[in-house]
Amino acid sequence: MQDILDFYLGFSQYTNPWLYKDKLKDLPNDIKELAYLVRKNFIHRATLAQGNVWSNSDMRFGDMTKVPWYRQPEDDNFATVWWILTELYRRDERWFVLDRKEENKMILTCRFLALVTASILKSKWISARVRSGNAPYFTDDGLSRDHWITQYYSTAEKRRITIDVDGYMSIANEKINPLDIKENQFDFAAKAWLDIRTQKDDALRFANAKPERGAIAVLWSLFYDFHSLMNNEIIYLHIPRVGTYQNFTSLSLENLKQIDDLAFLMLNPDENFEELKKIFDSIKDFRLLDGALL
């Protein structure tokens, strides 16, 4: 187990803070204080689009009318933590602050806050990893939407703790603690995929922001999660070839069996870590990506 914890102490090309590592160590150690601080420096693109309504009716994320009209979602511009940290500093040299002006906040979604959180924890020498799946706790419409979260290992409690920094200030379900999400409260992609395949769950319960509904949305989360478990938190635009639109509708029985086997191992990623690593290092259909200029 220690080898696995050490693996998640390492930075990926996406979580590496480079010259900011020592500065990240100085951020709050208290997870509640840290989550609040991180969240106050970002605006989700959905919040920007909706304005001062719903979860932002009290303007907890800031007054959206103060965001410059030309500001657009920035997911495609800042793929790595290093870029994000540099841009936060460029817009306000105080860096992580609770009173960052709306015009200086970054417009980024859950993947990026999960990355930043993992990077901070790793900088503090806390084993952490990003996970991808679907969250059913944001609305009461029965849909479970694609979402990225962070897990860290608590040496005091000797367990992994799942936290949702992006949803920290907006989770509507009062039974959900965003700083300690229980396993059955988040739809991890492996279980969701296998439940759909065995008809234990309705594929149309799952959705993502494209928007897309059904098994393909879960498959994308599965591959995002697999790569994240391998310390390779790929961007939204990239997906393994076997999971692309053009290939999804013509997956062979052999392809589906391979995906099912991968998902089964991912149900217990720590127990099956070595086997997952072997797959990552050997199966091209799961490792090589399509999308954008690839």
# chains A, B, ... in the order shown; residues from 1 in each chain; ligands from 1

call {"tool": "residues_around", "arguments": {"residues": "A:Leu179", "least_positions_apart": "3", "cutoff": "8 Å", "atoms": "only C-alpha atoms", "output": "NGL selection string"}}
result
:A and (31-32 or 161-165 or 168)

call {"tool": "write_last_selection", "arguments": {"atoms": "C-alpha atoms", "output": "mmCIF file, in the first residue's frame"}}
result
data_model
loop_
_atom_site.group_PDB
_atom_site.id
_atom_site.type_symbol
_atom_site.label_atom_id
_atom_site.label_comp_id
_atom_site.auth_asym_id
_atom_site.auth_seq_id
_atom_site.Cartn_x
_atom_site.Cartn_y
_atom_site.Cartn_z
ATOM 1 C CA ILE A 31 -9.189 20.978 4.465
ATOM 2 C CA LYS A 32 -12.348 23.039 5.006
ATOM 3 C CA ILE A 161 -11.259 10.660 1.802
ATOM 4 C CA THR A 162 -13.206 11.867 -1.224
ATOM 5 C CA ILE A 163 -13.746 15.621 -1.515
ATOM 6 C CA ASP A 164 -15.578 17.826 -3.999
ATOM 7 C CA VAL A 165 -14.018 21.286 -3.991
ATOM 8 C CA TYR A 168 -18.147 22.654 -1.995
#

call {"tool": "residues_around", "arguments": {"residues": "stretch 77-87 of chain A", "least_positions_apart": "3", "cutoff": "9 Å", "atoms": "only C-alpha atoms", "output": "PDB file with C-alpha atoms, in the first residue's frame"}}
result
ATOM      1  CA  GLN A  13       2.284  16.608 -16.283  1.00  0.00           C
ATOM      2  CA  TYR A  14      -1.099  18.114 -15.368  1.00  0.00           C
ATOM      3  CA  THR A  15      -0.758  18.498 -11.571  1.00  0.00           C
ATOM      4  CA  ASN A  16       2.883  19.622 -11.493  1.00  0.00           C
ATOM      5  CA  PRO A  17       2.999  23.137  -9.928  1.00  0.00           C
ATOM      6  CA  TRP A  18       6.682  23.504 -10.808  1.00  0.00           C
ATOM      7  CA  LEU A  19       8.063  26.716  -9.227  1.00  0.00           C
ATOM      8  CA  TYR A  20       4.892  27.247  -7.195  1.00  0.00           C
ATOM      9  CA  PRO A  73     -15.069  29.479 -20.390  1.00  0.00           C
ATOM     10  CA  GLU A  74     -11.352  28.808 -20.195  1.00  0.00           C
ATOM     11  CA  ARG A  90      -1.154  37.388 -13.407  1.00  0.00           C
ATOM     12  CA  ARG A  91      -4.716  38.525 -12.731  1.00  0.00           C
ATOM     13  CA  ASP A  92      -4.109  39.270  -9.057  1.00  0.00           C
ATOM     14  CA  TRP A  95      -2.718  34.854  -5.733  1.00  0.00           C
ATOM     15  CA  MET A 106     -10.852  32.092 -13.708  1.00  0.00           C
ATOM     16  CA  LEU A 108     -12.955  26.746 -15.069  1.00  0.00           C
ATOM     17  CA  PHE A 112      -9.446  21.930 -13.023  1.00  0.00           C
ATOM     18  CA  LEU A 115      -6.368  19.149 -10.338  1.00  0.00           C
ATOM     19  CA  VAL A 116      -5.497  22.255  -8.335  1.00  0.00           C
ATOM     20  CA  SER A 119      -1.563  19.571  -6.625  1.00  0.00           C
ATOM     21  CA  ILE A 234      -6.348  13.823 -19.642  1.00  0.00           C
ATOM     22  CA  ILE A 235      -8.368  16.795 -20.875  1.00  0.00           C
TER      23      ILE A 235
END

call {"tool": "select_by_dssp", "arguments": {"residues": "stretch 177-273 of chain A", "states": "helix (DSSP H, G or I)", "output": "VMD selection string"}}
result
chain A and resid 183 to 185 189 to 197 203 to 205 215 to 229 241 to 243 245 to 248 253 to 266 273

call {"tool": "write_last_selection", "arguments": {"atoms": "C-alpha atoms", "output": "compact mmCIF listing (two decimals), in the first residue's frame"}}
result
# COMPACT_ATOMS: atom_id res chain seq x y z
CA GLU A 183 -18.64 5.83 -1.82
CA ASN A 184 -22.35 5.26 -2.51
CA GLN A 185 -22.97 9.01 -2.86
CA ALA A 189 -17.54 5.27 -13.50
CA ALA A 190 -16.52 1.62 -13.14
CA LYS A 191 -19.58 0.62 -11.14
CA ALA A 192 -21.88 2.74 -13.30
CA TRP A 193 -20.56 1.09 -16.48
CA LEU A 194 -20.91 -2.45 -15.11
CA ASP A 195 -24.38 -1.73 -13.73
CA ILE A 196 -25.48 -0.46 -17.14
CA ARG A 197 -23.98 -3.49 -18.86
CA ALA A 203 -28.06 4.29 -18.87
CA LEU A 204 -30.17 7.38 -19.48
CA ARG A 205 -29.73 8.38 -15.83
CA ALA A 215 -23.59 4.64 -21.79
CA ILE A 216 -21.19 6.68 -23.90
CA ALA A 217 -21.13 9.43 -21.25
CA VAL A 218 -20.22 6.83 -18.63
CA LEU A 219 -17.59 5.30 -20.90
CA TRP A 220 -15.87 8.67 -21.26
CA SER A 221 -15.87 9.07 -17.47
CA LEU A 222 -14.47 5.55 -17.19
CA PHE A 223 -11.50 6.39 -19.40
CA TYR A 224 -10.97 9.76 -17.72
CA ASP A 225 -10.94 7.94 -14.40
CA PHE A 226 -8.61 5.19 -15.62
CA HIS A 227 -6.07 7.73 -16.86
CA SER A 228 -6.44 9.75 -13.65
CA LEU A 229 -5.71 6.62 -11.60
CA ARG A 241 -9.80 5.60 -29.58
CA VAL A 242 -12.11 2.80 -28.54
CA GLY A 243 -14.41 5.32 -26.85
CA TYR A 245 -18.20 8.61 -31.21
CA GLN A 246 -17.29 6.84 -34.42
CA ASN A 247 -16.13 3.66 -32.65
CA PHE A 248 -18.66 3.45 -29.82
CA LEU A 253 -17.86 -8.21 -28.20
CA GLU A 254 -14.11 -8.44 -27.65
CA ASN A 255 -13.89 -4.64 -27.14
CA LEU A 256 -16.77 -4.71 -24.67
CA LYS A 257 -15.21 -7.62 -22.78
CA GLN A 258 -11.93 -5.69 -22.48
CA ILE A 259 -13.76 -2.61 -21.18
CA ASP A 260 -15.78 -4.71 -18.74
CA ASP A 261 -12.60 -6.33 -17.43
CA LEU A 262 -11.00 -2.91 -16.99
CA ALA A 263 -14.05 -1.60 -15.14
CA PHE A 264 -14.06 -4.65 -12.85
CA LEU A 265 -10.46 -3.96 -11.84
CA MET A 266 -11.27 -0.29 -11.29
CA PHE A 273 -3.21 -1.27 -8.98

call {"tool": "select_by_dssp", "arguments": {"residues": "stretch 143-174 of chain A", "states": "strand (DSSP E or B)", "output": "list of chain:residue names"}}
result
A:Ser144, A:Arg145, A:Asp146, A:His147, A:Trp148, A:Ile149, A:Thr150, A:Gln151, A:Tyr152, A:Tyr153, A:Ser154, A:Arg159, A:Arg160, A:Ile161, A:Thr162, A:Ile163

call {"tool": "closest_residue", "arguments": {"among": "A:Val97, A:Asp76, A:Tyr153, A:Asp3", "to": "A:Leu27", "atoms": "only C-alpha atoms"}}
result
A:Val97

call {"tool": "closest_residue", "arguments": {"among": "A:Leu267, A:Leu9, A:Leu88, A:Ala172", "to": "A:Ser55", "atoms": "only C-alpha atoms"}}
result
A:Ala172

call {"tool": "residues_around", "arguments": {"residues": "A:Arg287", "least_positions_apart": "6", "cutoff": "9 Å", "atoms": "only C-alpha atoms", "output": "number ranges by chain"}}
result
A: 227, 239-241, 279-281

call {"tool": "write_last_selection", "arguments": {"atoms": "C-alpha atoms", "output": "PDB file, in the first residue's frame"}}
result
ATOM      1  CA  HIS A 227      -6.073   7.729 -16.856  1.00  0.00           C
ATOM      2  CA  ILE A 239     -10.466  10.112 -25.247  1.00  0.00           C
ATOM      3  CA  PRO A 240      -9.001   6.665 -26.041  1.00  0.00           C
ATOM      4  CA  ARG A 241      -9.796   5.604 -29.580  1.00  0.00           C
ATOM      5  CA  ILE A 279      -3.004  -2.496 -18.851  1.00  0.00           C
ATOM      6  CA  PHE A 280      -2.002   1.164 -19.048  1.00  0.00           C
ATOM      7  CA  ASP A 281       1.461   0.185 -20.227  1.00  0.00           C
TER       8      ASP A 281
END

call {"tool": "closest_residue", "arguments": {"among": "A:Arg160, A:Pro269, A:Arg145, A:Glu274", "to": "A:Lys210", "atoms": "only C-alpha atoms"}}
result
A:Arg145

call {"tool": "atom_distance", "arguments": {"atom1": "atom CA of A:Lys277", "atom2": "atom CA of A:Met230"}}
result
7.0 Å

call {"tool": "atom_distance", "arguments": {"atom1": "atom CA of A:Ala46", "atom2": "atom CA of A:Leu121"}}
result
26.5 Å
